[in-house]
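Okay, structure first, notes after.
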Amino acid sequence: MIRANKVCKIYPGRPAVLQDLDFHLPRGGMAFLTGASGAGKSTLLKLVTRAETLTGGSLFVDGQDLGKLKARQVPRLRRTMGIVFQDYRLLMDRNVYDNVALTLEVAGVRHSRVRPRVHAALEQVGLAGRAKDRPQQLSGGEQQRAAIARAIVHNPKLLIADEPTGNLDPDLSREIMDLFSHFNQLGVTVLIATHDLALIERMTYPIFVLQSGQLRLEGERICA
Ligand SMILES: Nc1ncnc2c1ncn2[C@@H]1O[C@H](COP(=O)(O)OP(=O)(O)OP(=O)(O)O)[C@@H](O)[C@H]1O
């Protein structure tokens, strides 16, 4: 689903963030991405979602060569993925239903099909009955659930999350990670960047550590 070969990313005037980075996440897989602050975790996720462009190397997502993707093809790429952020990024002036429905409206889903899909998504994240609430009426964990419903309502192949539990306490963090695991078991490929080693080491998914611009599987050493 994601294949990176010798990926480089340099922001203008800065040292390289990612350098000859290789990575493979197979279709249907789930993995964690960790590493020190500033190591480049968000940058790698932004390359995958095409929020940033490669400086060098190649990156394939769902068979598409992102180095060759034209700007007008980016919306179609994004429709194959759901993206979850640390700060939820819900629209505070719309209720939970409308926040989730927006994904389908942007994707051009027929009006009559929006309602059942939004309600099914809210049910999957445990927010059935909260559709009419505004985000500010939800707890942090519930807001993240709403954001996850928004990310999965269009049945994406790939779910990307950048520090999704960064604002949550340990119990809520576990619940949110279990929710990602649930969607992975339904067949969605999942990649999650997180600092929270204690949280992810209890799970069985591979942990990739970003260090000096390269990725290694936790427990492996980078060869000199
Ligand atoms: N748009 C940008 N322009 C210039 N430099 C950037 C930009 N975005 C990120 N950087 C730099 O790239 C490096 C990696 O940043 P990135 O946000 O990817 O790291 P991270 O591992 O996600 O960090 P954190 O865990 O603190 O969120 C940092 O040194 C950062 O300052």
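Identifiers for the structure tokens are assigned positionally: chains receive A, B, ... in sequence, residues are indexed from 1 per chain, and ligands are indexed from 1 in the order shown.
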Next item on the list: Would you mind listing the residues within 10 Å of ligand 1, counting only C-alpha atoms and all ligand atoms, as number ranges by chain?
Entry: A: 9-18, 33-47, 52, 86, 162-163, 166, 193-195, 210-211, 213
Note to self: List the spatial neighbours of Phe183 (chain A) as a ChimeraX atom specification - criterion: any atom at most 10 Å away, only C-alpha atoms, same-chain residues fewer than 3 positions off excluded.
What the structure shows: /A:28,30,124-125,152,155,158-159,178-180,186-190
Note to self: I'd like the neighbourhood of region 91-95 of chain A as a list of chain:residue names, where a residue qualifies if any of its atoms comes within 6 Å (using only C-alpha atoms), though same-chain residues fewer than 6 positions away should be ignored.
What the structure shows: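 The residues satisfying every condition are A:Lys132, A:Asp133, A:Arg134, A:Pro135.
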Generate a file of the selected residues that holds C-alpha atoms, formatted as a CSV table (one decimal), in the first residue's frame.
chain,number,residue,atom,x,y,z
A,132,LYS,CA,-26.6,16.6,16.8
A,133,ASP,CA,-24.0,17.7,19.3
A,134,ARG,CA,-21.5,20.4,18.5
A,135,PRO,CA,-17.8,19.3,18.9
Item checked: Spatial neighbours of Gln19 (chain A), max dist 8 Å, only C-alpha atoms, sep filter under 5 positions, as an NGL selection string -> :A and (6-9 or 212-214)
How about saving the chosen residues, N, CA and C atoms kept, as a compact mmCIF listing (two decimals), in the first residue's frame?
# COMPACT_ATOMS: atom_id res chain seq x y z
N LYS A 6 14.42 5.04 -1.11
CA LYS A 6 15.42 6.12 -1.06
C LYS A 6 14.79 7.51 -1.02
N VAL A 7 13.75 7.64 -0.21
CA VAL A 7 13.04 8.93 -0.13
C VAL A 7 13.89 9.98 0.58
N CYS A 8 13.97 11.16 -0.03
CA CYS A 8 14.65 12.30 0.59
C CYS A 8 13.67 13.46 0.70
N LYS A 9 13.77 14.18 1.82
CA LYS A 9 12.99 15.40 1.95
C LYS A 9 13.86 16.47 2.58
N SER A 212 17.85 9.90 12.32
CA SER A 212 18.85 10.34 11.33
C SER A 212 18.33 10.21 9.91
N GLY A 213 17.05 10.52 9.72
CA GLY A 213 16.50 10.56 8.37
C GLY A 213 16.11 9.21 7.81
N GLN A 214 16.32 8.13 8.60
CA GLN A 214 16.01 6.79 8.10
C GLN A 214 15.12 6.04 9.07
Next item on the list: Using only C-alpha atoms, pick whichever of A:Gln185, A:Pro156, A:Lys70, A:Asp196 has the shortest atom-to-atom distance to Asp169 (chain A).
Entry: A:Asp196
Note to self: Between A:Ala107, A:Arg115, A:Arg216, A:Glu175, which residue has the minimum interatomic distance to Leu199 (chain A), considering only C-alpha atoms?
What the structure shows: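 Under the stated criterion, the closest residue is A:Glu175.
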